[in-house]
file coords15.cif (mmCIF, C-alpha atoms)
data_target
#
loop_
_atom_site.label_atom_id
_atom_site.label_comp_id
_atom_site.auth_asym_id
_atom_site.auth_seq_id
_atom_site.Cartn_x
_atom_site.Cartn_y
_atom_site.Cartn_z
CA MET A 1 -11.16 -1.21 20.92
CA THR A 2 -11.18 -3.41 17.83
CA MET A 3 -8.83 -2.11 15.15
CA LEU A 4 -9.77 -1.85 11.50
CA LYS A 5 -7.69 -3.97 9.14
CA ILE A 6 -7.70 -3.45 5.37
CA GLU A 7 -5.83 -6.10 3.43
CA PRO A 8 -5.37 -6.97 -0.25
CA VAL A 9 -7.03 -10.30 -1.02
CA SER A 10 -7.51 -12.42 -4.13
CA TRP A 11 -10.75 -13.34 -5.86
CA GLN A 12 -9.51 -16.89 -6.24
CA ASP A 13 -9.15 -17.34 -2.46
CA ASP A 14 -11.74 -14.94 -1.04
CA ALA A 15 -14.58 -14.70 -3.56
CA GLU A 16 -17.09 -16.13 -1.08
CA ILE A 17 -16.65 -13.45 1.57
CA LEU A 18 -16.31 -10.64 -0.98
CA THR A 19 -19.49 -11.79 -2.72
CA ALA A 20 -21.36 -12.08 0.59
CA ILE A 21 -20.65 -8.45 1.51
CA ARG A 22 -21.49 -7.13 -1.93
CA HIS A 23 -24.68 -9.22 -2.11
CA ARG A 24 -25.97 -7.78 1.17
CA VAL A 25 -25.23 -4.19 0.11
CA PHE A 26 -26.05 -4.16 -3.58
CA VAL A 27 -28.55 -6.98 -4.08
CA ASP A 28 -30.42 -7.05 -0.75
CA GLU A 29 -30.36 -3.30 0.03
CA GLN A 30 -30.20 -1.62 -3.36
CA HIS A 31 -31.96 -4.31 -5.41
CA VAL A 32 -29.24 -4.52 -8.04
CA PRO A 33 -29.91 -7.61 -10.20
CA ILE A 34 -27.60 -10.37 -9.04
CA GLU A 35 -26.51 -11.10 -12.60
CA LEU A 36 -25.10 -7.54 -12.80
CA GLU A 37 -23.34 -7.56 -9.45
CA ILE A 38 -20.75 -10.25 -10.29
CA ASP A 39 -19.00 -9.70 -13.61
CA GLU A 40 -16.14 -10.92 -15.76
CA HIS A 41 -13.74 -8.38 -14.25
CA ASP A 42 -13.66 -9.85 -10.74
CA PRO A 43 -11.09 -12.63 -11.34
CA GLN A 44 -8.53 -10.14 -12.72
CA ALA A 45 -9.30 -7.21 -10.40
CA GLN A 46 -7.37 -6.20 -7.30
CA HIS A 47 -9.56 -6.59 -4.21
CA TRP A 48 -9.33 -5.32 -0.64
CA LEU A 49 -11.18 -6.62 2.41
CA ALA A 50 -11.89 -4.49 5.49
CA SER A 51 -12.29 -6.33 8.81
CA LEU A 52 -12.98 -5.43 12.42
CA GLY A 53 -11.52 -8.25 14.44
CA ASP A 54 -12.81 -11.44 12.83
CA THR A 55 -15.74 -9.70 11.15
CA ALA A 56 -15.47 -8.79 7.46
CA VAL A 57 -17.28 -5.47 7.02
CA GLY A 58 -16.33 -3.97 3.65
CA THR A 59 -14.71 -4.45 0.28
CA VAL A 60 -13.58 -2.53 -2.79
CA ARG A 61 -11.88 -3.42 -6.06
CA LEU A 62 -9.56 -1.80 -8.61
CA LEU A 63 -9.45 -2.75 -12.28
CA SER A 64 -6.35 -2.66 -14.44
CA ASP A 65 -7.69 0.38 -16.33
CA GLY A 66 -7.89 2.39 -13.10
CA HIS A 67 -11.61 1.99 -12.38
CA ILE A 68 -12.53 1.72 -8.69
CA GLY A 69 -15.74 -0.14 -8.00
CA ARG A 70 -17.86 -2.39 -5.82
CA MET A 71 -17.17 -0.21 -2.77
CA ALA A 72 -19.39 -1.73 -0.10
CA VAL A 73 -19.61 -1.40 3.69
CA LEU A 74 -22.16 -3.38 5.68
CA ALA A 75 -24.99 -1.23 7.06
CA ASP A 76 -24.16 -1.79 10.74
CA TYR A 77 -20.63 -0.46 10.23
CA ARG A 78 -21.26 2.72 8.26
CA GLY A 79 -20.38 6.11 9.69
CA LYS A 80 -17.08 4.79 11.08
CA HIS A 81 -14.83 6.08 8.25
CA ILE A 82 -14.32 2.54 6.93
CA GLY A 83 -15.20 3.56 3.39
CA GLN A 84 -12.77 6.48 3.57
CA ASP A 85 -9.98 4.24 4.85
CA MET A 86 -10.61 1.73 2.07
CA LEU A 87 -10.58 4.48 -0.57
CA ASP A 88 -7.35 5.91 0.85
CA THR A 89 -5.79 2.44 0.69
CA VAL A 90 -6.75 1.96 -2.97
CA ILE A 91 -5.48 5.42 -3.94
CA ALA A 92 -2.15 4.81 -2.18
CA SER A 93 -1.75 1.46 -3.93
CA ALA A 94 -2.65 3.00 -7.31
CA LYS A 95 0.01 5.68 -6.81
CA ALA A 96 2.59 3.02 -6.00
CA GLN A 97 1.64 1.20 -9.21
CA GLN A 98 1.99 4.43 -11.21
CA PHE A 99 -1.68 4.69 -12.25
CA PRO A 100 -2.02 8.14 -13.86
CA LEU A 101 -5.80 8.32 -13.43
CA LEU A 102 -8.53 6.72 -11.32
CA ARG A 103 -12.17 6.66 -12.33
CA LEU A 104 -15.39 5.46 -10.77
CA ALA A 105 -19.15 5.58 -11.14
CA ALA A 106 -20.53 7.24 -8.02
CA GLN A 107 -24.07 6.90 -6.85
CA GLN A 108 -25.41 10.44 -6.54
CA HIS A 109 -25.72 10.30 -2.76
CA ALA A 110 -21.99 9.52 -2.53
CA ILE A 111 -20.71 12.42 -4.67
CA GLY A 112 -19.64 14.41 -1.61
CA PHE A 113 -17.74 11.45 -0.22
CA TYR A 114 -15.63 11.09 -3.35
CA ARG A 115 -15.18 14.85 -3.76
CA LYS A 116 -13.47 14.95 -0.36
CA ALA A 117 -10.88 12.53 -1.78
CA GLY A 118 -10.27 14.81 -4.77
CA PHE A 119 -12.47 13.16 -7.39
CA LYS A 120 -14.19 15.45 -9.92
CA ILE A 121 -17.35 14.88 -11.97
CA TYR A 122 -17.09 14.51 -15.73
CA GLY A 123 -19.77 13.73 -18.31
CA GLU A 124 -23.51 13.58 -17.79
CA PRO A 125 -25.46 11.72 -15.06
CA PHE A 126 -26.63 8.26 -16.04
CA MET A 127 -28.64 5.33 -14.70
CA ASP A 128 -27.00 2.03 -13.79
CA ALA A 129 -29.08 -0.87 -12.45
CA GLY A 130 -31.89 1.65 -11.91
CA ILE A 131 -29.74 3.90 -9.69
CA PRO A 132 -28.62 7.46 -10.63
CA HIS A 133 -24.84 7.73 -11.07
CA VAL A 134 -22.21 10.23 -12.16
CA SER A 135 -18.74 9.55 -13.55
CA MET A 136 -15.87 10.88 -11.45
CA GLU A 137 -12.09 10.88 -11.86
CA LEU A 138 -8.94 11.60 -9.88
CA ARG A 139 -5.74 12.49 -11.71
CA LEU A 140 -2.86 11.09 -9.72
CA ASP A 141 -0.04 12.48 -11.89
CA THR A 142 2.26 10.07 -10.13
CA ALA A 143 5.40 11.36 -11.81
CA ALA A 144 4.70 14.90 -10.64
CA LYS A 145 3.56 13.88 -7.17
CA SER A 146 6.38 11.51 -6.45
CA PRO A 147 9.12 13.14 -4.42
CA PRO A 148 10.49 16.10 -6.40
CA GLU A 149 13.78 15.22 -4.74
CA HIS A 150 13.78 11.63 -6.06
CA GLN A 151 17.22 11.97 -7.55
CA ASP A 152 18.52 13.49 -4.33
CA PHE A 153 16.81 10.83 -2.23
CA SER A 154 18.19 8.05 -4.42
CA ALA A 155 21.70 9.43 -4.07
CA LEU A 156 21.29 9.73 -0.31
CA ALA A 157 19.90 6.20 -0.08
CA LEU A 158 22.84 4.78 -1.97
CA ASP A 159 25.32 6.70 0.18
CA ILE A 160 23.66 5.47 3.39
CA CYS A 161 23.72 1.85 2.22
CA GLN A 162 27.35 2.08 1.18
CA GLN A 163 28.42 3.60 4.48
CA ALA A 164 26.32 1.48 6.85
CA ARG A 165 28.35 -0.90 8.96
CA ARG A 166 25.91 -3.72 9.71
CA GLN A 167 22.28 -2.53 9.55
CA VAL A 168 19.94 -0.68 7.22
CA ARG A 169 16.21 -0.20 7.74
CA ILE A 170 13.91 0.84 4.92
CA PHE A 171 10.26 1.83 5.28
CA SER A 172 8.43 2.23 1.95
CA LEU A 173 4.96 1.86 0.48
CA SER A 174 6.02 -0.78 -2.04
CA LEU A 175 9.78 -0.31 -2.55
CA ASN A 176 9.29 2.55 -4.99
CA GLU A 177 11.03 1.61 -8.24
CA ALA A 178 12.36 5.12 -8.81
CA ILE A 179 14.44 4.73 -5.65
CA TYR A 180 14.91 1.09 -4.76
CA SER A 181 15.40 -0.63 -8.12
CA GLU A 182 18.80 0.85 -8.89
CA ASP A 183 21.51 -1.76 -9.45
CA ALA A 184 24.03 0.16 -7.36
CA LEU A 185 21.70 0.09 -4.37
CA SER A 186 21.16 -3.67 -4.67
CA VAL A 187 24.90 -4.22 -4.89
CA ALA A 188 25.49 -2.08 -1.79
CA LEU A 189 22.83 -3.92 0.23
CA SER A 190 24.06 -7.30 -0.95
CA ALA A 191 27.58 -6.41 0.17
CA LEU A 192 26.29 -5.20 3.52
CA ALA A 193 24.24 -8.35 4.07
CA ARG A 194 27.29 -10.56 3.40
CA ARG A 195 29.74 -8.47 5.40
CA HIS A 196 29.21 -9.92 8.88
CA ARG A 197 27.20 -12.67 10.51
CA ASN A 198 25.22 -10.02 12.40
CA SER A 199 24.49 -7.89 9.33
CA GLU A 200 20.83 -7.28 8.54
CA VAL A 201 18.73 -5.37 6.04
CA ARG A 202 15.11 -4.87 7.06
CA LEU A 203 12.54 -3.89 4.44
CA LEU A 204 9.16 -2.82 5.86
CA ILE A 205 6.39 -2.18 3.30
CA CYS A 206 2.72 -1.24 3.40
CA ASP A 207 1.47 -3.00 0.26
CA ASP A 208 2.95 -6.09 -1.40
CA ARG A 209 0.55 -6.20 -4.35
CA PRO A 210 2.70 -4.12 -6.76
CA LEU A 211 5.60 -6.49 -6.05
CA ARG A 212 3.82 -9.78 -6.74
CA GLU A 213 4.13 -9.87 -10.51
CA VAL A 214 7.49 -8.14 -10.98
CA ARG A 215 11.08 -9.09 -10.31
CA HIS A 216 12.06 -6.35 -7.91
CA PRO A 217 15.80 -6.54 -7.12
CA LEU A 218 15.36 -6.12 -3.37
CA VAL A 219 12.66 -8.79 -3.21
CA GLU A 220 14.97 -11.12 -5.12
CA LEU A 221 17.76 -10.24 -2.70
CA SER A 222 15.55 -11.08 0.27
CA ARG A 223 14.84 -14.48 -1.26
CA ARG A 224 18.52 -15.29 -1.65
CA LEU A 225 20.03 -13.89 1.54
CA SER A 226 18.76 -14.64 5.04
CA ALA A 227 20.19 -11.33 6.26
CA VAL A 228 17.72 -9.45 4.05
CA ASP A 229 14.19 -9.65 5.42
CA ILE A 230 10.96 -8.12 4.10
CA ARG A 231 7.73 -7.73 6.07
CA LEU A 232 4.27 -6.21 5.68
CA ALA A 233 3.37 -3.57 8.26
CA ARG A 234 0.04 -4.11 9.97
CA VAL A 235 -2.49 -1.82 8.30
CA GLU A 236 -3.74 -0.30 11.56
CA LEU A 237 -0.18 0.69 12.54
CA GLN A 238 1.09 2.06 9.26
CA GLN A 239 -0.04 5.61 9.97
CA GLU A 240 2.20 5.74 13.02
CA LEU A 241 5.07 6.20 10.58
CA ARG A 242 4.43 9.56 8.96
CA GLU A 243 7.40 9.43 6.61
CA TYR A 244 8.96 6.96 4.23
CA PHE A 245 12.59 6.63 5.18
CA LEU A 246 15.88 4.79 5.06
CA VAL A 247 18.18 4.78 8.08
CA GLY A 248 21.61 3.27 8.65
CA ASP A 249 23.31 2.29 11.89
CA ASN A 250 25.80 5.15 11.75
CA GLY A 251 23.46 8.10 12.30
CA HIS A 252 22.72 8.60 8.59
CA PHE A 253 19.10 8.84 7.37
CA ALA A 254 16.91 10.18 4.56
CA ALA A 255 13.13 10.64 4.69
CA TYR A 256 10.20 12.25 2.91
CA THR A 257 6.57 12.76 3.94
CA ARG A 258 4.12 9.99 3.03
CA HIS A 259 1.21 12.18 1.90
CA GLY A 260 2.08 14.77 -0.70
CA GLN A 261 5.45 13.15 -1.34
CA SER A 262 7.60 16.14 -0.43
CA GLY A 263 9.68 17.54 2.38
CA LEU A 264 12.98 15.68 1.97
CA ARG A 265 14.87 15.41 5.25
CA SER A 266 18.29 13.92 5.74
CA GLY A 267 21.08 13.76 8.25
CA VAL A 268 24.68 12.66 8.43
CA ASP A 269 25.94 11.47 11.81
CA LYS A 270 22.76 12.76 13.50
CA ARG A 271 22.44 9.89 15.88
CA ALA A 272 19.56 11.16 18.01
CA ALA A 273 17.34 11.73 14.96
CA ALA A 274 18.39 8.42 13.41
CA ARG A 275 17.63 6.63 16.68
CA GLU A 276 14.06 7.98 16.58
CA TYR A 277 13.55 6.49 13.13
CA ILE A 278 15.02 3.18 14.26
CA GLU A 279 12.78 3.03 17.35
CA GLN A 280 9.66 3.83 15.29
CA PHE A 281 10.63 1.23 12.71
CA ASP A 282 11.44 -1.52 15.21
CA ARG A 283 8.16 -1.05 17.09
CA ILE A 284 6.15 -1.71 13.92
CA TRP A 285 8.57 -4.38 12.70
CA GLN A 286 8.09 -6.54 15.78
CA VAL A 287 4.37 -7.00 15.08
CA SER A 288 4.63 -7.17 11.27
CA ARG A 289 4.48 -10.36 9.24
CA PRO A 290 6.14 -11.83 6.15
CA SER A 291 4.20 -11.57 2.91
CA PRO A 292 3.05 -15.00 1.68
CA TRP A 293 3.55 -13.70 -1.86
CA LEU A 294 7.15 -12.63 -1.33
CA LYS A 295 8.38 -15.59 0.68
CA ARG A 296 11.91 -16.90 0.46
CA LEU A 297 12.88 -19.59 -2.00
CA TYR A 298 14.24 -22.70 -0.33
#
call {"tool": "encode", "arguments": {"input": "coords15.cif", "output": "structure tokens"}}
result
Amino acid sequence: MTMLKIEPVSWQDDAEILTAIRHRVFVDEQHVPIELEIDEHDPQAQHWLASLGDTAVGTVRLLSDGHIGRMAVLADYRGKHIGQDMLDTVIASAKAQQFPLLRLAAQQHAIGFYRKAGFKIYGEPFMDAGIPHVSMELRLDTAAKSPPEHQDFSALALDICQQARRQVRIFSLSLNEAIYSEDALSVALSALARRHRNSEVRLLICDDRPLREVRHPLVELSRRLSAVDIRLARVELQQELREYFLVGDNGHFAAYTRHGQSGLRSGVDKRAAAREYIEQFDRIWQVSRPSPWLKRLY
């Protein structure tokens, strides 16, 4: 069975394939004027491309003001939850980037689709390119929805890194700044990485886009020290890991659930539980890849 892959792409590199999908859906099927389909926002927008094997089947974009748009899935591939997976990917990325609110203009036939994701209608219906639309929004309230135990998790993470002997594994959406940007944590991981020739710090993330334009301390550390490695988890395998977590090699771990951002779990010298996290992590790690955007500096 061919697995669905949803990846962030750039307009500069992938405009041709993104335009081809959108042209078939909006211009050919829905008769949107071609001069309205491509606009001045595309070069600055964040774009995602959905593929089945080598076939590109869908796309969506996110603007800097939180507007989701140009959601398109080719006709032959509808009814396979591709649109839902793309929307989930954009929402997860927006949360990681601390967007407080997402908005979109939904064609009336798609209102139910967006309602299932939590979007609510506001304002009056309107026409766009001759098609009835409604405005919808989703309040992310990222500060409230981020782990209520953030302070506790940060303290646990620091303690684990300070006590680890040679290995630490971190699985995170995008190295959440509230947890992984603390100076003390970077110092602890730097010391661990330099401690022994077999020391290693593995950073496994789901989305590298929020890290491309910022100087995240752990990304900088991975560029300087060969013992610190960062990889992107394959999209189709990310859901196998149901929690974000940090685990050391001494039976210490801390974790919280990925969806809903709650349910802090931790353990000290609980080797069986820690081993489960390590085995899950290593299985995904082996088939993950480095991010071309976060590559080492030589």
call {"tool": "residues_near_point", "arguments": {"input": "coords15.cif", "point": "(-1.9, -4.1, 6.1)", "cutoff": "6 Å", "atoms": "all atoms listed in the file", "output": "ChimeraX atom specification"}}
result
/A:6-7,233-235
call {"tool": "write_last_selection", "arguments": {"input": "coords15.cif", "atoms": "C-alpha atoms", "output": "PDB file, in the coordinates of the input"}}
result
ATOM      1  CA  ILE A   6      -7.700  -3.450   5.370  1.00  0.00           C
ATOM      2  CA  GLU A   7      -5.830  -6.100   3.430  1.00  0.00           C
ATOM      3  CA  ALA A 233       3.370  -3.570   8.260  1.00  0.00           C
ATOM      4  CA  ARG A 234       0.040  -4.110   9.970  1.00  0.00           C
ATOM      5  CA  VAL A 235      -2.490  -1.820   8.300  1.00  0.00           C
TER       6      VAL A 235
END
call {"tool": "closest_residue", "arguments": {"input": "coords15.cif", "among": "A:His81, A:Arg265, A:His216, A:Arg223", "to": "A:Asp152", "atoms": "only C-alpha atoms"}}
result
A:Arg265
call {"tool": "closest_residue", "arguments": {"input": "coords15.cif", "among": "A:Leu232, A:Ile34, A:Leu4, A:Val214", "to": "A:Ser172", "atoms": "only C-alpha atoms"}}
result
A:Leu232
call {"tool": "resolve_selection", "arguments": {"input": "coords15.cif", "expression": "the PyMOL selection byres ((chain A and resi 286) around 12)", "output": "JSON, numbers by chain"}}
result
{"A": [202, 204, 231, 232, 233, 234, 237, 279, 280, 281, 282, 283, 284, 285, 287, 288, 289, 290]}
call {"tool": "closest_residue", "arguments": {"input": "coords15.cif", "among": "A:Gly66, A:Leu246, A:Arg139, A:Asp13", "to": "A:Leu175", "atoms": "all atoms listed in the file"}}
result
A:Leu246
call {"tool": "resolve_selection", "arguments": {"input": "coords15.cif", "expression": "the PyMOL selection byres ((chain A and resi 266-276) around 9)", "output": "number ranges by chain"}}
result
A: 153, 156, 160, 247-256, 264-265, 277-281
call {"tool": "write_last_selection", "arguments": {"input": "coords15.cif", "atoms": "C-alpha atoms", "output": "PDB file, in the coordinates of the input"}}
result
ATOM      1  CA  PHE A 153      16.810  10.830  -2.230  1.00  0.00           C
ATOM      2  CA  LEU A 156      21.290   9.730  -0.310  1.00  0.00           C
ATOM      3  CA  ILE A 160      23.660   5.470   3.390  1.00  0.00           C
ATOM      4  CA  VAL A 247      18.180   4.780   8.080  1.00  0.00           C
ATOM      5  CA  GLY A 248      21.610   3.270   8.650  1.00  0.00           C
ATOM      6  CA  ASP A 249      23.310   2.290  11.890  1.00  0.00           C
ATOM      7  CA  ASN A 250      25.800   5.150  11.750  1.00  0.00           C
ATOM      8  CA  GLY A 251      23.460   8.100  12.300  1.00  0.00           C
ATOM      9  CA  HIS A 252      22.720   8.600   8.590  1.00  0.00           C
ATOM     10  CA  PHE A 253      19.100   8.840   7.370  1.00  0.00           C
ATOM     11  CA  ALA A 254      16.910  10.180   4.560  1.00  0.00           C
ATOM     12  CA  ALA A 255      13.130  10.640   4.690  1.00  0.00           C
ATOM     13  CA  TYR A 256      10.200  12.250   2.910  1.00  0.00           C
ATOM     14  CA  LEU A 264      12.980  15.680   1.970  1.00  0.00           C
ATOM     15  CA  ARG A 265      14.870  15.410   5.250  1.00  0.00           C
ATOM     16  CA  TYR A 277      13.550   6.490  13.130  1.00  0.00           C
ATOM     17  CA  ILE A 278      15.020   3.180  14.260  1.00  0.00           C
ATOM     18  CA  GLU A 279      12.780   3.030  17.350  1.00  0.00           C
ATOM     19  CA  GLN A 280       9.660   3.830  15.290  1.00  0.00           C
ATOM     20  CA  PHE A 281      10.630   1.230  12.710  1.00  0.00           C
TER      21      PHE A 281
END
call {"tool": "closest_residue", "arguments": {"input": "coords15.cif", "among": "A:Gln84, A:Gln162, A:Gln238, A:Ser10", "to": "A:Tyr114", "atoms": "only C-alpha atoms"}}
result
A:Gln84
call {"tool": "resolve_selection", "arguments": {"input": "coords15.cif", "expression": "the PyMOL selection byres ((chain A and resi 199) around 9)", "output": "PyMOL selection string"}}
result
chain A and resi 165-168+192-198+200-201+227-228
call {"tool": "closest_residue", "arguments": {"input": "coords15.cif", "among": "A:Leu36, A:Leu173, A:Leu52, A:Ala117", "to": "A:Lys95", "atoms": "all atoms listed in the file"}}
result
A:Leu173
call {"tool": "atom_distance", "arguments": {"input": "coords15.cif", "atom1": "atom CA of A:Glu37", "atom2": "atom CA of A:Glu124"}}
result
22.7 Å
call {"tool": "closest_residue", "arguments": {"input": "coords15.cif", "among": "A:Glu16, A:Asp76, A:Asp65, A:Asp28", "to": "A:Leu49", "atoms": "all atoms listed in the file"}}
result
A:Glu16
call {"tool": "atom_distance", "arguments": {"input": "coords15.cif", "atom1": "atom CA of A:Asp54", "atom2": "atom CA of A:Arg258"}}
result
29.0 Å
call {"tool": "atom_distance", "arguments": {"input": "coords15.cif", "atom1": "atom CA of A:Met71", "atom2": "atom CA of A:Arg22"}}
result
8.2 Å
call {"tool": "decode", "arguments": {"input": "coords15.cif", "residues": "stretch 5-88 of chain A", "atoms": "C-alpha atoms", "output": "mmCIF file, in the first residue's frame"}}
result
data_model
loop_
_atom_site.group_PDB
_atom_site.id
_atom_site.type_symbol
_atom_site.label_atom_id
_atom_site.label_comp_id
_atom_site.auth_asym_id
_atom_site.auth_seq_id
_atom_site.Cartn_x
_atom_site.Cartn_y
_atom_site.Cartn_z
ATOM 1 C CA LYS A 5 3.550 11.823 2.469
ATOM 2 C CA ILE A 6 2.903 15.466 3.354
ATOM 3 C CA GLU A 7 5.980 17.661 3.267
ATOM 4 C CA PRO A 8 6.675 21.392 3.577
ATOM 5 C CA VAL A 9 7.950 22.757 0.268
ATOM 6 C CA SER A 10 8.973 26.171 -1.027
ATOM 7 C CA TRP A 11 7.343 28.222 -3.764
ATOM 8 C CA GLN A 12 10.765 29.046 -5.147
ATOM 9 C CA ASP A 13 11.596 25.365 -5.735
ATOM 10 C CA ASP A 14 8.186 23.770 -6.267
ATOM 11 C CA ALA A 15 5.915 26.397 -7.821
ATOM 12 C CA GLU A 16 5.448 24.323 -10.977
ATOM 13 C CA ILE A 17 3.961 21.270 -9.279
ATOM 14 C CA LEU A 18 1.942 23.342 -6.795
ATOM 15 C CA THR A 19 0.531 25.437 -9.639
ATOM 16 C CA ALA A 20 -0.295 22.335 -11.694
ATOM 17 C CA ILE A 21 -2.418 20.835 -8.905
ATOM 18 C CA ARG A 22 -4.190 24.083 -8.147
ATOM 19 C CA HIS A 23 -4.817 24.771 -11.848
ATOM 20 C CA ARG A 24 -6.523 21.405 -12.325
ATOM 21 C CA VAL A 25 -8.737 21.859 -9.255
ATOM 22 C CA PHE A 26 -9.563 25.553 -9.290
ATOM 23 C CA VAL A 27 -9.208 26.629 -12.926
ATOM 24 C CA ASP A 28 -10.192 23.465 -14.834
ATOM 25 C CA GLU A 29 -12.850 22.127 -12.428
ATOM 26 C CA GLN A 30 -14.215 25.208 -10.698
ATOM 27 C CA HIS A 31 -13.566 27.744 -13.474
ATOM 28 C CA VAL A 32 -11.758 30.206 -11.229
ATOM 29 C CA PRO A 33 -10.083 32.845 -13.437
ATOM 30 C CA ILE A 34 -6.416 31.963 -13.736
ATOM 31 C CA GLU A 35 -5.395 35.523 -12.887
ATOM 32 C CA LEU A 36 -7.069 35.099 -9.470
ATOM 33 C CA GLU A 37 -5.645 31.681 -8.685
ATOM 34 C CA ILE A 38 -1.981 32.756 -8.432
ATOM 35 C CA ASP A 39 -1.429 35.839 -6.296
ATOM 36 C CA GLU A 40 1.244 37.957 -4.678
ATOM 37 C CA HIS A 41 1.102 35.939 -1.449
ATOM 38 C CA ASP A 42 2.482 32.690 -2.880
ATOM 39 C CA PRO A 43 6.213 33.538 -2.745
ATOM 40 C CA GLN A 44 6.012 34.364 0.987
ATOM 41 C CA ALA A 45 3.502 31.683 2.016
ATOM 42 C CA GLN A 46 4.271 28.356 3.652
ATOM 43 C CA HIS A 47 3.300 25.500 1.327
ATOM 44 C CA TRP A 48 2.769 21.771 1.811
ATOM 45 C CA LEU A 49 2.683 19.075 -0.867
ATOM 46 C CA ALA A 50 0.855 15.759 -0.435
ATOM 47 C CA SER A 51 2.167 12.788 -2.432
ATOM 48 C CA LEU A 52 1.287 9.136 -2.868
ATOM 49 C CA GLY A 53 4.487 7.473 -3.963
ATOM 50 C CA ASP A 54 5.847 9.619 -6.783
ATOM 51 C CA THR A 55 2.479 11.201 -7.539
ATOM 52 C CA ALA A 56 1.736 14.688 -6.192
ATOM 53 C CA VAL A 57 -1.959 14.742 -5.269
ATOM 54 C CA GLY A 58 -2.648 17.774 -3.079
ATOM 55 C CA THR A 59 -1.441 21.075 -1.708
ATOM 56 C CA VAL A 60 -2.299 23.740 0.840
ATOM 57 C CA ARG A 61 -0.720 26.999 1.986
ATOM 58 C CA LEU A 62 -0.526 29.124 5.141
ATOM 59 C CA LEU A 63 -0.004 32.885 5.135
ATOM 60 C CA SER A 64 1.872 34.809 7.793
ATOM 61 C CA ASP A 65 -1.404 36.296 9.097
ATOM 62 C CA GLY A 66 -2.796 32.819 9.801
ATOM 63 C CA HIS A 67 -4.956 32.400 6.695
ATOM 64 C CA ILE A 68 -5.120 28.859 5.295
ATOM 65 C CA GLY A 69 -5.868 28.660 1.601
ATOM 66 C CA ARG A 70 -5.496 26.985 -1.772
ATOM 67 C CA MET A 71 -6.425 23.606 -0.267
ATOM 68 C CA ALA A 72 -6.614 21.339 -3.300
ATOM 69 C CA VAL A 73 -6.749 17.554 -3.798
ATOM 70 C CA LEU A 74 -6.873 16.054 -7.285
ATOM 71 C CA ALA A 75 -10.267 14.547 -8.143
ATOM 72 C CA ASP A 76 -9.040 10.947 -8.446
ATOM 73 C CA TYR A 77 -7.680 11.026 -4.898
ATOM 74 C CA ARG A 78 -10.577 12.533 -2.968
ATOM 75 C CA GLY A 79 -12.374 10.559 -0.289
ATOM 76 C CA LYS A 80 -9.090 9.177 1.059
ATOM 77 C CA HIS A 81 -8.711 11.635 3.986
ATOM 78 C CA ILE A 82 -5.859 13.434 2.213
ATOM 79 C CA GLY A 83 -7.444 16.836 2.768
ATOM 80 C CA GLN A 84 -7.939 16.064 6.459
ATOM 81 C CA ASP A 85 -4.321 14.965 6.839
ATOM 82 C CA MET A 86 -3.097 18.128 5.124
ATOM 83 C CA LEU A 87 -5.277 20.308 7.352
ATOM 84 C CA ASP A 88 -4.051 18.496 10.473
#
